[in-house]
Amino acid sequence: MAGYWEGPEGEQCPQRTWLATRVGAAAGLVGAAYRIILLRPGSALAALQTAAADSVTMATLGAVFGLSTCLSAQVREEPEDPLNYFIGGCTAGAVLGARAHSYLTGTTACLGFGITAALMKIGNQEGWRLTGPPKL
């Protein structure tokens with residue numbers, strides 16, 4: 001995901017969207033593997049369908065996030081604002097809610113994805129670290 005943070009926000013939208021789509025698809029494959037192992041589908045075809053559906057859903061969420069984040073940075077003309085990431089996460093959450101046919105899922109995912117994405121942007125701007133020794 002290092003390439004995503006390179007360059008100013010609101011530029012290179014196709015490349016950023018493609019990278020977010022690939023990350024989403026990879027996350028979908030990992031999640032599908034766990035789901036298949038834990039829930040044991042009845043046949044190999046059912047396992048394949050589960051893996052495909054989960055991967056496509058997550059890839060779609062990644063694409064929606066990447067595109068809406070980049071477009072909101074362009075439209076708002078504030079490329080480094082964490083609100084762009086909140087908008088992208090919220091949009092992806094709304095798509096997940098539409099996929100689930102549930103307002104509650106969409107609202108919860110909107111807030112969860114939006115807040116998480118905004119915190120990721122803030123953490124990246126301020127140099128937060130999750131691992132390693134603390135900066136003094």
# chains A, B, ... in the order shown; residues from 1 in each chain; ligands from 1
>>> residues_around(residues="Gly10 of chain A", least_positions_apart="6", cutoff="12 Å", atoms="only C-alpha atoms", output="ChimeraX atom specification")
/A:4,16-17,66-81,84-85
>>> closest_atom_pairs(of="segment 57-87 of chain A", to="segment 108-119 of chain A", cutoff="7 Å", atoms="only C-alpha atoms", output="tab-separated table")
residue	atom	partner	partner_atom	distance
A:Pro82	CA	A:Ala118	CA	4.9
A:Leu83	CA	A:Ala118	CA	6.4
A:Tyr85	CA	A:Ala118	CA	5.1
A:Phe86	CA	A:Gly114	CA	3.9
A:Ile87	CA	A:Gly114	CA	6.3
>>> closest_residue(among="A:Thr57, A:Gln12, A:Ser43, A:Gln49", to="Ala25 of chain A", atoms="only C-alpha atoms")
A:Thr57
>>> select_by_dssp(residues="chain A", states="alpha helix (DSSP H)", output="ChimeraX atom specification")
/A:13-39,44-76,82-100,103-126
>>> atom_distance(atom1="atom CA of Pro14 of chain A", atom2="atom CA of Gly28 of chain A")
20.7 Å
>>> residues_around(residues="Thr50 of chain A", least_positions_apart="5", cutoff="10 Å", atoms="only C-alpha atoms", output="PyMOL selection string")
chain A and resi 29+32-33+35-36+41+44-45+55-56
>>> write_last_selection(atoms="N, CA and C atoms", output="PDB file, in the first residue's frame")
ATOM      1  N   LEU A  29     -10.003 -12.416  -0.740  1.00  0.00           N
ATOM      2  CA  LEU A  29      -9.517 -13.787  -0.850  1.00  0.00           C
ATOM      3  C   LEU A  29      -9.139 -14.366   0.503  1.00  0.00           C
ATOM      4  N   ALA A  32     -12.329 -14.961   2.408  1.00  0.00           N
ATOM      5  CA  ALA A  32     -13.039 -16.112   1.850  1.00  0.00           C
ATOM      6  C   ALA A  32     -12.378 -17.415   2.277  1.00  0.00           C
ATOM      7  N   ALA A  33     -11.059 -17.427   2.340  1.00  0.00           N
ATOM      8  CA  ALA A  33     -10.361 -18.638   2.782  1.00  0.00           C
ATOM      9  C   ALA A  33     -10.757 -18.996   4.212  1.00  0.00           C
ATOM     10  N   ARG A  35     -13.496 -18.069   5.733  1.00  0.00           N
ATOM     11  CA  ARG A  35     -14.918 -18.432   5.727  1.00  0.00           C
ATOM     12  C   ARG A  35     -15.127 -19.864   5.243  1.00  0.00           C
ATOM     13  N   ILE A  36     -14.401 -20.251   4.210  1.00  0.00           N
ATOM     14  CA  ILE A  36     -14.525 -21.610   3.672  1.00  0.00           C
ATOM     15  C   ILE A  36     -14.014 -22.641   4.679  1.00  0.00           C
ATOM     16  N   PRO A  41     -18.336 -25.345   3.124  1.00  0.00           N
ATOM     17  CA  PRO A  41     -19.432 -25.460   2.160  1.00  0.00           C
ATOM     18  C   PRO A  41     -19.627 -26.917   1.717  1.00  0.00           C
ATOM     19  N   ALA A  44     -17.269 -28.344  -3.732  1.00  0.00           N
ATOM     20  CA  ALA A  44     -16.187 -27.500  -4.233  1.00  0.00           C
ATOM     21  C   ALA A  44     -16.747 -26.316  -5.012  1.00  0.00           C
ATOM     22  N   LEU A  45     -17.851 -26.539  -5.720  1.00  0.00           N
ATOM     23  CA  LEU A  45     -18.474 -25.457  -6.471  1.00  0.00           C
ATOM     24  C   LEU A  45     -18.996 -24.371  -5.529  1.00  0.00           C
ATOM     25  N   SER A  55     -14.522 -12.113  -2.871  1.00  0.00           N
ATOM     26  CA  SER A  55     -13.429 -11.355  -3.492  1.00  0.00           C
ATOM     27  C   SER A  55     -13.952 -10.199  -4.338  1.00  0.00           C
ATOM     28  N   VAL A  56     -14.997 -10.458  -5.099  1.00  0.00           N
ATOM     29  CA  VAL A  56     -15.564  -9.396  -5.938  1.00  0.00           C
ATOM     30  C   VAL A  56     -16.169  -8.293  -5.075  1.00  0.00           C
TER      31      VAL A  56
END
>>> closest_residue(among="A:Thr91, A:Gln125, A:Leu19, A:Ala46", to="Ala59 of chain A", atoms="only C-alpha atoms")
A:Leu19
>>> closest_residue(among="A:Arg99, A:Glu9, A:Pro134, A:Leu38", to="Ala53 of chain A", atoms="only C-alpha atoms")
A:Arg99
>>> closest_residue(among="A:Gly62, A:Gly3, A:Gly123, A:Gly132", to="Val95 of chain A", atoms="only C-alpha atoms")
A:Gly62
>>> atom_distance(atom1="atom CA of Ala27 of chain A", atom2="atom CA of Gly93 of chain A")
15.5 Å
>>> closest_residue(among="A:Lys135, A:Ser102, A:Ala63, A:Cys90", to="Cys13 of chain A", atoms="only C-alpha atoms")
A:Ala63
>>> closest_residue(among="A:Gly89, A:Pro133, A:Ala26, A:Gln15", to="Met120 of chain A", atoms="only C-alpha atoms")
A:Gly89
